>>> print(open('upload.csv').read())   # CSV, N, CA and C atoms
chain,number,residue,atom,x,y,z
A,21,MET,N,104.0,63.3,76.8
A,21,MET,CA,104.7,63.4,78.1
A,21,MET,C,106.1,63.9,77.9
A,22,ALA,N,106.8,64.1,79.0
A,22,ALA,CA,108.1,64.7,78.9
A,22,ALA,C,109.3,63.7,79.0
A,23,HIS,N,110.4,64.1,78.6
A,23,HIS,CA,111.7,63.3,78.8
A,23,HIS,C,112.3,63.9,80.1
A,24,LEU,N,112.5,63.1,81.1
A,24,LEU,CA,113.0,63.5,82.4
A,24,LEU,C,114.4,62.9,82.6
A,25,LEU,N,115.3,63.7,83.2
A,25,LEU,CA,116.6,63.2,83.7
A,25,LEU,C,116.6,63.2,85.2
A,26,ILE,N,116.7,62.0,85.8
A,26,ILE,CA,116.9,61.9,87.3
A,26,ILE,C,118.3,61.9,87.6
A,27,ILE,N,118.8,62.8,88.5
A,27,ILE,CA,120.2,62.7,89.0
A,27,ILE,C,120.1,62.5,90.5
A,28,ASP,N,120.5,61.3,90.9
A,28,ASP,CA,120.4,61.0,92.4
A,28,ASP,C,121.3,59.9,92.7
A,29,ASP,N,122.1,60.0,93.7
A,29,ASP,CA,123.1,58.9,94.1
A,29,ASP,C,122.5,57.7,94.8
A,30,ASP,N,121.2,57.8,95.2
A,30,ASP,CA,120.6,56.7,96.0
A,30,ASP,C,120.1,55.6,95.0
A,31,ASP,N,120.8,54.5,95.1
A,31,ASP,CA,120.6,53.4,94.2
A,31,ASP,C,119.2,52.7,94.4
A,32,LEU,N,118.6,53.0,95.5
A,32,LEU,CA,117.2,52.4,95.7
A,32,LEU,C,116.1,53.5,95.3
A,33,PHE,N,116.4,54.7,95.7
A,33,PHE,CA,115.4,55.8,95.4
A,33,PHE,C,115.3,56.0,93.9
A,34,ARG,N,116.4,56.2,93.2
A,34,ARG,CA,116.4,56.5,91.8
A,34,ARG,C,115.6,55.6,90.9
A,35,PRO,N,115.8,54.3,91.0
A,35,PRO,CA,115.0,53.4,90.2
A,35,PRO,C,113.5,53.4,90.5
A,36,MET,N,113.2,53.6,91.8
A,36,MET,CA,111.8,53.7,92.3
A,36,MET,C,111.1,55.0,91.7
A,37,LEU,N,111.9,56.1,91.7
A,37,LEU,CA,111.4,57.3,91.1
A,37,LEU,C,111.2,57.1,89.6
A,38,ARG,N,112.2,56.5,89.0
A,38,ARG,CA,112.1,56.2,87.5
A,38,ARG,C,110.8,55.5,87.2
A,39,GLU,N,110.6,54.4,87.9
A,39,GLU,CA,109.4,53.5,87.7
A,39,GLU,C,108.1,54.4,87.8
A,40,ASN,N,108.0,55.2,88.9
A,40,ASN,CA,106.8,56.0,89.1
A,40,ASN,C,106.6,56.9,87.9
A,41,LEU,N,107.7,57.6,87.5
A,41,LEU,CA,107.6,58.5,86.4
A,41,LEU,C,107.2,57.9,85.1
A,42,GLU,N,107.8,56.7,84.8
A,42,GLU,CA,107.5,55.9,83.6
A,42,GLU,C,106.0,55.5,83.6
A,43,GLN,N,105.5,55.2,84.8
A,43,GLN,CA,104.0,54.8,84.9
A,43,GLN,C,103.1,56.0,84.5
A,44,LEU,N,103.6,57.2,84.7
A,44,LEU,CA,102.9,58.4,84.4
A,44,LEU,C,103.0,58.7,82.9
A,45,GLY,N,103.9,57.9,82.2
A,45,GLY,CA,104.0,58.1,80.7
A,45,GLY,C,105.3,58.9,80.3
A,46,HIS,N,106.1,59.2,81.2
A,46,HIS,CA,107.3,60.0,80.9
A,46,HIS,C,108.4,59.0,80.4
A,47,THR,N,109.3,59.5,79.6
A,47,THR,CA,110.6,58.9,79.3
A,47,THR,C,111.6,59.3,80.3
A,48,VAL,N,112.4,58.4,80.9
A,48,VAL,CA,113.3,58.7,81.9
A,48,VAL,C,114.7,58.2,81.7
A,49,THR,N,115.7,59.1,81.9
A,49,THR,CA,117.1,58.8,81.9
A,49,THR,C,117.6,59.0,83.3
A,50,GLU,N,118.6,58.1,83.7
A,50,GLU,CA,119.1,58.2,85.0
A,50,GLU,C,120.6,58.6,85.0
A,51,ALA,N,121.0,59.2,86.1
A,51,ALA,CA,122.4,59.4,86.4
A,51,ALA,C,122.6,59.4,87.9
A,52,SER,N,123.8,58.9,88.3
A,52,SER,CA,124.0,58.7,89.8
A,52,SER,C,124.7,59.8,90.5
A,53,ASN,N,125.2,60.8,89.7
A,53,ASN,CA,125.8,62.0,90.3
A,53,ASN,C,125.7,63.2,89.3
A,54,GLY,N,126.1,64.3,89.8
A,54,GLY,CA,126.0,65.5,88.9
A,54,GLY,C,126.9,65.4,87.7
A,55,LYS,N,128.1,64.9,87.8
A,55,LYS,CA,129.0,64.8,86.7
A,55,LYS,C,128.4,63.9,85.6
A,56,GLU,N,127.9,62.7,86.0
A,56,GLU,CA,127.3,61.8,85.1
A,56,GLU,C,126.0,62.5,84.5
A,57,GLY,N,125.3,63.2,85.3
A,57,GLY,CA,124.0,63.9,84.9
A,57,GLY,C,124.3,64.9,83.8
A,58,LEU,N,125.3,65.7,84.0
A,58,LEU,CA,125.6,66.7,83.0
A,58,LEU,C,126.0,66.0,81.6
A,59,ALA,N,126.7,64.9,81.7
A,59,ALA,CA,127.1,64.2,80.5
A,59,ALA,C,125.8,63.6,79.8
A,60,GLN,N,124.9,63.1,80.6
A,60,GLN,CA,123.7,62.5,80.1
A,60,GLN,C,122.8,63.6,79.5
A,61,PHE,N,122.7,64.8,80.1
A,61,PHE,CA,121.9,65.9,79.6
A,61,PHE,C,122.5,66.4,78.3
A,62,ALA,N,123.8,66.4,78.1
A,62,ALA,CA,124.4,66.8,76.9
A,62,ALA,C,124.0,65.9,75.7
A,63,ARG,N,123.8,64.6,76.1
A,63,ARG,CA,123.4,63.6,75.1
A,63,ARG,C,121.9,63.6,74.8
A,64,VAL,N,121.1,63.7,75.8
A,64,VAL,CA,119.6,63.5,75.6
A,64,VAL,C,118.8,64.8,75.6
A,65,GLN,N,119.3,65.9,76.1
A,65,GLN,CA,118.6,67.2,76.2
A,65,GLN,C,117.2,67.0,76.7
A,66,ALA,N,117.1,66.5,77.9
A,66,ALA,CA,115.8,66.2,78.6
A,66,ALA,C,115.0,67.5,78.7
A,67,ASP,N,113.7,67.3,78.9
A,67,ASP,CA,112.8,68.4,79.1
A,67,ASP,C,112.8,69.0,80.5
A,68,LEU,N,113.2,68.1,81.4
A,68,LEU,CA,113.2,68.4,82.8
A,68,LEU,C,114.3,67.6,83.5
A,69,VAL,N,115.0,68.3,84.5
A,69,VAL,CA,116.0,67.6,85.3
A,69,VAL,C,115.5,67.6,86.7
A,70,LEU,N,115.5,66.4,87.3
A,70,LEU,CA,115.2,66.3,88.8
A,70,LEU,C,116.5,65.9,89.4
A,71,THR,N,117.0,66.8,90.2
A,71,THR,CA,118.4,66.5,90.8
A,71,THR,C,118.4,66.6,92.3
A,72,ASP,N,119.0,65.6,92.9
A,72,ASP,CA,119.3,65.6,94.3
A,72,ASP,C,120.3,66.7,94.6
A,73,LEU,N,120.5,67.1,95.8
A,73,LEU,CA,121.5,68.2,96.0
A,73,LEU,C,122.7,67.7,96.7
A,74,ILE,N,122.7,66.6,97.4
A,74,ILE,CA,123.9,66.1,98.1
A,74,ILE,C,124.3,64.8,97.5
A,75,MET,N,125.4,64.9,96.7
A,75,MET,CA,125.9,63.7,96.0
A,75,MET,C,127.4,63.7,95.9
A,76,PRO,N,128.0,62.6,95.7
A,76,PRO,CA,129.4,62.6,95.4
A,76,PRO,C,129.7,63.0,94.0
A,77,GLU,N,131.0,63.2,93.7
A,77,GLU,CA,131.5,63.6,92.3
A,77,GLU,C,131.1,65.1,92.0
A,78,LYS,N,129.9,65.4,92.0
A,78,LYS,CA,129.4,66.8,91.7
A,78,LYS,C,128.1,66.9,92.4
A,79,GLU,N,128.0,67.8,93.3
A,79,GLU,CA,126.7,68.0,94.0
A,79,GLU,C,125.7,68.7,93.2
A,80,GLY,N,124.4,68.7,93.6
A,80,GLY,CA,123.3,69.2,92.9
A,80,GLY,C,123.4,70.7,92.7
A,81,ILE,N,123.9,71.5,93.6
A,81,ILE,CA,124.0,72.9,93.5
A,81,ILE,C,125.0,73.2,92.3
A,82,GLU,N,126.1,72.5,92.3
A,82,GLU,CA,127.1,72.7,91.2
A,82,GLU,C,126.5,72.3,89.9
A,83,THR,N,125.7,71.2,89.9
A,83,THR,CA,125.0,70.7,88.7
A,83,THR,C,124.1,71.8,88.2
A,84,ILE,N,123.2,72.3,89.0
A,84,ILE,CA,122.3,73.3,88.6
A,84,ILE,C,123.0,74.5,88.0
A,85,ILE,N,124.1,75.0,88.6
A,85,ILE,CA,124.8,76.1,88.1
A,85,ILE,C,125.3,75.8,86.7
A,86,GLU,N,125.9,74.6,86.5
A,86,GLU,CA,126.4,74.3,85.1
A,86,GLU,C,125.3,74.1,84.1
A,87,LEU,N,124.2,73.5,84.5
A,87,LEU,CA,123.1,73.3,83.6
A,87,LEU,C,122.6,74.7,83.2
A,88,ARG,N,122.4,75.6,84.1
A,88,ARG,CA,121.8,76.9,83.8
A,88,ARG,C,122.8,77.7,82.9
A,89,LYS,N,124.1,77.5,83.1
A,89,LYS,CA,125.1,78.3,82.4
A,89,LYS,C,125.1,77.8,80.9
A,90,LYS,N,125.1,76.4,80.7
A,90,LYS,CA,125.2,75.9,79.4
A,90,LYS,C,123.8,75.8,78.7
A,91,TRP,N,122.7,75.6,79.4
A,91,TRP,CA,121.4,75.5,78.9
A,91,TRP,C,120.4,76.3,79.7
A,92,PRO,N,120.4,77.6,79.5
A,92,PRO,CA,119.7,78.6,80.4
A,92,PRO,C,118.2,78.3,80.5
A,93,GLY,N,117.6,77.7,79.5
A,93,GLY,CA,116.2,77.4,79.5
A,93,GLY,C,115.8,76.1,80.2
A,94,VAL,N,116.8,75.3,80.7
A,94,VAL,CA,116.4,74.0,81.2
A,94,VAL,C,115.6,74.2,82.5
A,95,LYS,N,114.6,73.3,82.6
A,95,LYS,CA,113.7,73.3,83.8
A,95,LYS,C,114.3,72.3,84.8
A,96,VAL,N,114.4,72.7,86.1
A,96,VAL,CA,115.0,71.9,87.1
A,96,VAL,C,114.1,71.8,88.3
A,97,ILE,N,114.0,70.6,88.9
A,97,ILE,CA,113.4,70.4,90.2
A,97,ILE,C,114.5,69.9,91.1
A,98,ALA,N,114.7,70.6,92.2
A,98,ALA,CA,115.7,70.2,93.1
A,98,ALA,C,115.1,69.4,94.2
A,99,MET,N,115.8,68.3,94.7
A,99,MET,CA,115.3,67.4,95.7
A,99,MET,C,116.3,67.3,96.8
A,100,SER,N,115.9,67.3,98.1
A,100,SER,CA,116.9,67.0,99.1
A,100,SER,C,116.2,66.6,100.4
A,101,GLY,N,116.9,65.7,101.1
A,101,GLY,CA,116.5,65.3,102.4
A,101,GLY,C,117.3,65.9,103.5
A,102,GLY,N,118.3,66.7,103.1
A,102,GLY,CA,119.2,67.4,104.0
A,102,GLY,C,120.5,66.8,104.1
A,103,GLY,N,121.3,67.2,105.0
A,103,GLY,CA,122.6,66.7,105.2
A,103,GLY,C,123.1,67.3,106.5
A,104,ARG,N,124.3,67.9,106.5
A,104,ARG,CA,124.8,68.5,107.7
A,104,ARG,C,124.0,69.7,108.2
A,105,VAL,N,123.3,70.3,107.2
A,105,VAL,CA,122.4,71.4,107.5
A,105,VAL,C,121.0,71.1,107.0
A,106,SER,N,120.1,71.9,107.3
A,106,SER,CA,118.7,71.6,107.0
A,106,SER,C,118.5,71.5,105.4
A,107,ALA,N,117.6,70.6,105.0
A,107,ALA,CA,117.3,70.5,103.6
A,107,ALA,C,116.8,71.8,103.1
A,108,SER,N,116.1,72.5,103.9
A,108,SER,CA,115.5,73.8,103.5
A,108,SER,C,116.5,74.8,103.0
A,109,ASN,N,117.7,74.8,103.7
A,109,ASN,CA,118.8,75.7,103.3
A,109,ASN,C,119.3,75.3,101.9
A,110,TYR,N,119.5,74.0,101.6
A,110,TYR,CA,119.9,73.6,100.3
A,110,TYR,C,118.9,73.9,99.2
A,111,LEU,N,117.6,73.7,99.6
A,111,LEU,CA,116.6,73.9,98.6
A,111,LEU,C,116.4,75.4,98.3
A,112,LYS,N,116.5,76.2,99.3
A,112,LYS,CA,116.4,77.7,99.1
A,112,LYS,C,117.5,78.1,98.1
A,113,THR,N,118.8,77.6,98.4
A,113,THR,CA,119.9,78.0,97.5
A,113,THR,C,119.6,77.5,96.1
A,114,ALA,N,119.1,76.3,95.9
A,114,ALA,CA,118.8,75.7,94.6
A,114,ALA,C,117.8,76.6,93.9
A,115,GLN,N,116.8,77.1,94.6
A,115,GLN,CA,115.8,78.0,94.0
A,115,GLN,C,116.5,79.3,93.5
A,116,GLN,N,117.3,79.9,94.4
A,116,GLN,CA,118.0,81.1,94.0
A,116,GLN,C,118.9,80.9,92.8
A,117,LEU,N,119.4,79.7,92.5
A,117,LEU,CA,120.2,79.4,91.4
A,117,LEU,C,119.4,79.0,90.2
A,118,GLY,N,118.1,78.9,90.3
A,118,GLY,CA,117.3,78.7,89.1
A,118,GLY,C,116.5,77.4,89.1
A,119,ALA,N,116.4,76.7,90.2
A,119,ALA,CA,115.5,75.5,90.2
A,119,ALA,C,114.1,76.1,90.2
A,120,ALA,N,113.2,75.6,89.3
A,120,ALA,CA,111.9,76.0,89.2
A,120,ALA,C,111.0,75.6,90.4
A,121,CYS,N,111.3,74.4,90.9
A,121,CYS,CA,110.6,73.8,92.0
A,121,CYS,C,111.5,73.1,92.9
A,122,VAL,N,111.1,72.9,94.2
A,122,VAL,CA,112.0,72.2,95.1
A,122,VAL,C,111.1,71.2,95.9
A,123,LEU,N,111.6,70.0,96.2
A,123,LEU,CA,110.9,69.0,96.9
A,123,LEU,C,111.7,68.5,98.0
A,124,HIS,N,111.1,68.5,99.2
A,124,HIS,CA,111.8,68.0,100.4
A,124,HIS,C,111.6,66.5,100.5
A,125,LYS,N,112.6,65.7,100.5
A,125,LYS,CA,112.5,64.2,100.7
A,125,LYS,C,112.1,63.9,102.1
A,126,PRO,N,111.3,62.9,102.4
A,126,PRO,CA,110.5,62.2,101.4
A,126,PRO,C,109.3,63.0,100.9
A,127,PHE,N,109.0,62.8,99.6
A,127,PHE,CA,107.8,63.5,99.1
A,127,PHE,C,106.9,62.5,98.5
A,128,SER,N,105.6,62.8,98.3
A,128,SER,CA,104.6,61.9,97.8
A,128,SER,C,104.6,61.9,96.3
A,129,ASN,N,104.0,60.9,95.7
A,129,ASN,CA,103.8,60.9,94.2
A,129,ASN,C,103.0,62.1,93.8
A,130,ASP,N,102.0,62.5,94.6
A,130,ASP,CA,101.1,63.6,94.3
A,130,ASP,C,101.9,64.9,94.3
A,131,GLU,N,102.8,65.1,95.2
A,131,GLU,CA,103.7,66.3,95.2
A,131,GLU,C,104.6,66.3,94.0
A,132,LEU,N,105.1,65.2,93.7
A,132,LEU,CA,106.0,65.1,92.5
A,132,LEU,C,105.2,65.4,91.2
A,133,THR,N,104.1,64.8,91.1
A,133,THR,CA,103.2,65.0,89.9
A,133,THR,C,102.8,66.5,89.8
A,134,ALA,N,102.4,67.1,90.9
A,134,ALA,CA,102.0,68.5,90.9
A,134,ALA,C,103.2,69.4,90.5
A,135,ALA,N,104.4,69.1,91.0
A,135,ALA,CA,105.6,69.9,90.6
A,135,ALA,C,105.9,69.8,89.1
A,136,ILE,N,105.8,68.6,88.6
A,136,ILE,CA,106.1,68.4,87.1
A,136,ILE,C,105.0,69.1,86.3
A,137,ASP,N,103.7,68.9,86.7
A,137,ASP,CA,102.6,69.5,86.0
A,137,ASP,C,102.7,71.0,86.0
A,138,SER,N,103.2,71.6,87.1
A,138,SER,CA,103.3,73.1,87.1
A,138,SER,C,104.3,73.6,86.1
A,139,LEU,N,105.2,72.8,85.7
A,139,LEU,CA,106.2,73.2,84.7
A,139,LEU,C,105.8,72.9,83.3
A,140,PHE,N,104.8,72.1,83.1
A,140,PHE,CA,104.3,71.8,81.8
A,140,PHE,C,102.8,72.0,81.7
A,141,PRO,N,102.4,73.3,81.7
A,141,PRO,CA,100.9,73.5,81.8
A,141,PRO,C,100.2,72.9,80.6
A,142,LYS,N,99.1,72.3,80.8
A,142,LYS,CA,98.3,71.7,79.8
A,142,LYS,C,97.6,72.8,79.0
A,143,THR,N,97.6,72.6,77.7
A,143,THR,CA,96.9,73.6,76.9
A,143,THR,C,95.5,73.0,76.7
A,144,LYS,N,94.5,73.9,76.7
A,144,LYS,CA,93.1,73.5,76.5
A,144,LYS,C,92.8,73.4,75.0
A,145,PRO,N,92.1,72.4,74.6
A,145,PRO,CA,91.8,72.2,73.2
A,145,PRO,C,90.9,73.3,72.6
>>> encode(input="upload.csv", output="structure tokens")
Amino acid sequence: MAHLLIIDDDDLFRPMLRENLEQLGHTVTEASNGKEGLAQFARVQADLVLTDLIMPEKEGIETIIELRKKWPGVKVIAMSGGGRVSASNYLKTAQQLGAACVLHKPFSNDELTAAIDSLFPKTKP
């Protein structure tokens, strides 16, 4: 399974997401904003980053830009429930900046699993 980095400022959502991902067998590291997330990524070099887009300190769009600049091969899933404008606008921008997948909050475990699986295709024996 993969090592995932969750970057999300929601102190209820982030641990719930971590637990769901750990139950699927992934190793998970958490960060509560983009600034902390970038520092964590520099330490752990996760296989995949799941980042919210609207956060304090450093928003997800800025985080994606920095991740892609320093680590061009990093896989990113952007998540958003929206804000002052539609979540779709934020998610579209995230895709244009290099997010491989986007998820509109709230999303199901099946949607999350499908997004992760699409980035790590299983090899046939």
>>> residues_around(input="upload.csv", residues="stretch 23-26 of chain A", least_positions_apart="5", cutoff="7 Å", atoms="only N, CA and C atoms", output="PyMOL selection string")
chain A and resi 46-52+57+65-72
>>> residues_around(input="upload.csv", residues="A:Gly54", least_positions_apart="6", cutoff="7 Å", atoms="only N, CA and C atoms", output="VMD selection string")
chain A and resid 27 to 28 75 to 80 82 to 83
>>> write_last_selection(input="upload.csv", atoms="N, CA and C atoms", output="mmCIF file, in the coordinates of the input")
data_model
loop_
_atom_site.group_PDB
_atom_site.id
_atom_site.type_symbol
_atom_site.label_atom_id
_atom_site.label_comp_id
_atom_site.auth_asym_id
_atom_site.auth_seq_id
_atom_site.Cartn_x
_atom_site.Cartn_y
_atom_site.Cartn_z
ATOM 1 N N ILE A 27 118.800 62.800 88.500
ATOM 2 C CA ILE A 27 120.200 62.700 89.000
ATOM 3 C C ILE A 27 120.100 62.500 90.500
ATOM 4 N N ASP A 28 120.500 61.300 90.900
ATOM 5 C CA ASP A 28 120.400 61.000 92.400
ATOM 6 C C ASP A 28 121.300 59.900 92.700
ATOM 7 N N MET A 75 125.400 64.900 96.700
ATOM 8 C CA MET A 75 125.900 63.700 96.000
ATOM 9 C C MET A 75 127.400 63.700 95.900
ATOM 10 N N PRO A 76 128.000 62.600 95.700
ATOM 11 C CA PRO A 76 129.400 62.600 95.400
ATOM 12 C C PRO A 76 129.700 63.000 94.000
ATOM 13 N N GLU A 77 131.000 63.200 93.700
ATOM 14 C CA GLU A 77 131.500 63.600 92.300
ATOM 15 C C GLU A 77 131.100 65.100 92.000
ATOM 16 N N LYS A 78 129.900 65.400 92.000
ATOM 17 C CA LYS A 78 129.400 66.800 91.700
ATOM 18 C C LYS A 78 128.100 66.900 92.400
ATOM 19 N N GLU A 79 128.000 67.800 93.300
ATOM 20 C CA GLU A 79 126.700 68.000 94.000
ATOM 21 C C GLU A 79 125.700 68.700 93.200
ATOM 22 N N GLY A 80 124.400 68.700 93.600
ATOM 23 C CA GLY A 80 123.300 69.200 92.900
ATOM 24 C C GLY A 80 123.400 70.700 92.700
ATOM 25 N N GLU A 82 126.100 72.500 92.300
ATOM 26 C CA GLU A 82 127.100 72.700 91.200
ATOM 27 C C GLU A 82 126.500 72.300 89.900
ATOM 28 N N THR A 83 125.700 71.200 89.900
ATOM 29 C CA THR A 83 125.000 70.700 88.700
ATOM 30 C C THR A 83 124.100 71.800 88.200
#
>>> atom_distance(input="upload.csv", atom1="atom N of A:Ala98", atom2="atom N of A:Lys55")
15.2 Å
>>> atom_distance(input="upload.csv", atom1="atom N of A:Asp137", atom2="atom N of A:Leu87")
21.1 Å
>>> closest_residue(input="upload.csv", among="A:Ala59, A:Leu117, A:Ile85, A:Leu123", to="A:Gly101", atoms="only N, CA and C atoms")
A:Leu123
>>> select_by_dssp(input="upload.csv", residues="chain A", states="strand (DSSP E)", output="PDB file with N, CA and C atoms, keeping the file's coordinate frame")
ATOM      1  N   HIS A  23     110.400  64.100  78.600  1.00  0.00           N
ATOM      2  CA  HIS A  23     111.700  63.300  78.800  1.00  0.00           C
ATOM      3  C   HIS A  23     112.300  63.900  80.100  1.00  0.00           C
ATOM      4  N   LEU A  24     112.500  63.100  81.100  1.00  0.00           N
ATOM      5  CA  LEU A  24     113.000  63.500  82.400  1.00  0.00           C
ATOM      6  C   LEU A  24     114.400  62.900  82.600  1.00  0.00           C
ATOM      7  N   LEU A  25     115.300  63.700  83.200  1.00  0.00           N
ATOM      8  CA  LEU A  25     116.600  63.200  83.700  1.00  0.00           C
ATOM      9  C   LEU A  25     116.600  63.200  85.200  1.00  0.00           C
ATOM     10  N   ILE A  26     116.700  62.000  85.800  1.00  0.00           N
ATOM     11  CA  ILE A  26     116.900  61.900  87.300  1.00  0.00           C
ATOM     12  C   ILE A  26     118.300  61.900  87.600  1.00  0.00           C
ATOM     13  N   ILE A  27     118.800  62.800  88.500  1.00  0.00           N
ATOM     14  CA  ILE A  27     120.200  62.700  89.000  1.00  0.00           C
ATOM     15  C   ILE A  27     120.100  62.500  90.500  1.00  0.00           C
ATOM     16  N   THR A  47     109.300  59.500  79.600  1.00  0.00           N
ATOM     17  CA  THR A  47     110.600  58.900  79.300  1.00  0.00           C
ATOM     18  C   THR A  47     111.600  59.300  80.300  1.00  0.00           C
ATOM     19  N   VAL A  48     112.400  58.400  80.900  1.00  0.00           N
ATOM     20  CA  VAL A  48     113.300  58.700  81.900  1.00  0.00           C
ATOM     21  C   VAL A  48     114.700  58.200  81.700  1.00  0.00           C
ATOM     22  N   THR A  49     115.700  59.100  81.900  1.00  0.00           N
ATOM     23  CA  THR A  49     117.100  58.800  81.900  1.00  0.00           C
ATOM     24  C   THR A  49     117.600  59.000  83.300  1.00  0.00           C
ATOM     25  N   GLU A  50     118.600  58.100  83.700  1.00  0.00           N
ATOM     26  CA  GLU A  50     119.100  58.200  85.000  1.00  0.00           C
ATOM     27  C   GLU A  50     120.600  58.600  85.000  1.00  0.00           C
ATOM     28  N   ALA A  51     121.000  59.200  86.100  1.00  0.00           N
ATOM     29  CA  ALA A  51     122.400  59.400  86.400  1.00  0.00           C
ATOM     30  C   ALA A  51     122.600  59.400  87.900  1.00  0.00           C
ATOM     31  N   LEU A  68     113.200  68.100  81.400  1.00  0.00           N
ATOM     32  CA  LEU A  68     113.200  68.400  82.800  1.00  0.00           C
ATOM     33  C   LEU A  68     114.300  67.600  83.500  1.00  0.00           C
ATOM     34  N   VAL A  69     115.000  68.300  84.500  1.00  0.00           N
ATOM     35  CA  VAL A  69     116.000  67.600  85.300  1.00  0.00           C
ATOM     36  C   VAL A  69     115.500  67.600  86.700  1.00  0.00           C
ATOM     37  N   LEU A  70     115.500  66.400  87.300  1.00  0.00           N
ATOM     38  CA  LEU A  70     115.200  66.300  88.800  1.00  0.00           C
ATOM     39  C   LEU A  70     116.500  65.900  89.400  1.00  0.00           C
ATOM     40  N   THR A  71     117.000  66.800  90.200  1.00  0.00           N
ATOM     41  CA  THR A  71     118.400  66.500  90.800  1.00  0.00           C
ATOM     42  C   THR A  71     118.400  66.600  92.300  1.00  0.00           C
ATOM     43  N   ASP A  72     119.000  65.600  92.900  1.00  0.00           N
ATOM     44  CA  ASP A  72     119.300  65.600  94.300  1.00  0.00           C
ATOM     45  C   ASP A  72     120.300  66.700  94.600  1.00  0.00           C
ATOM     46  N   LYS A  95     114.600  73.300  82.600  1.00  0.00           N
ATOM     47  CA  LYS A  95     113.700  73.300  83.800  1.00  0.00           C
ATOM     48  C   LYS A  95     114.300  72.300  84.800  1.00  0.00           C
ATOM     49  N   VAL A  96     114.400  72.700  86.100  1.00  0.00           N
ATOM     50  CA  VAL A  96     115.000  71.900  87.100  1.00  0.00           C
ATOM     51  C   VAL A  96     114.100  71.800  88.300  1.00  0.00           C
ATOM     52  N   ILE A  97     114.000  70.600  88.900  1.00  0.00           N
ATOM     53  CA  ILE A  97     113.400  70.400  90.200  1.00  0.00           C
ATOM     54  C   ILE A  97     114.500  69.900  91.100  1.00  0.00           C
ATOM     55  N   ALA A  98     114.700  70.600  92.200  1.00  0.00           N
ATOM     56  CA  ALA A  98     115.700  70.200  93.100  1.00  0.00           C
ATOM     57  C   ALA A  98     115.100  69.400  94.200  1.00  0.00           C
ATOM     58  N   MET A  99     115.800  68.300  94.700  1.00  0.00           N
ATOM     59  CA  MET A  99     115.300  67.400  95.700  1.00  0.00           C
ATOM     60  C   MET A  99     116.300  67.300  96.800  1.00  0.00           C
ATOM     61  N   SER A 100     115.900  67.300  98.100  1.00  0.00           N
ATOM     62  CA  SER A 100     116.900  67.000  99.100  1.00  0.00           C
ATOM     63  C   SER A 100     116.200  66.600 100.400  1.00  0.00           C
ATOM     64  N   CYS A 121     111.300  74.400  90.900  1.00  0.00           N
ATOM     65  CA  CYS A 121     110.600  73.800  92.000  1.00  0.00           C
ATOM     66  C   CYS A 121     111.500  73.100  92.900  1.00  0.00           C
ATOM     67  N   VAL A 122     111.100  72.900  94.200  1.00  0.00           N
ATOM     68  CA  VAL A 122     112.000  72.200  95.100  1.00  0.00           C
ATOM     69  C   VAL A 122     111.100  71.200  95.900  1.00  0.00           C
ATOM     70  N   LEU A 123     111.600  70.000  96.200  1.00  0.00           N
ATOM     71  CA  LEU A 123     110.900  69.000  96.900  1.00  0.00           C
ATOM     72  C   LEU A 123     111.700  68.500  98.000  1.00  0.00           C
ATOM     73  N   HIS A 124     111.100  68.500  99.200  1.00  0.00           N
ATOM     74  CA  HIS A 124     111.800  68.000 100.400  1.00  0.00           C
ATOM     75  C   HIS A 124     111.600  66.500 100.500  1.00  0.00           C
TER      76      HIS A 124
END
>>> atom_distance(input="upload.csv", atom1="atom C of A:Glu131", atom2="atom C of A:Glu39")
13.9 Å
>>> residues_around(input="upload.csv", residues="A:Ala119", least_positions_apart="4", cutoff="6.5 Å", atoms="all atoms listed in the file", output="count of residues only")
6
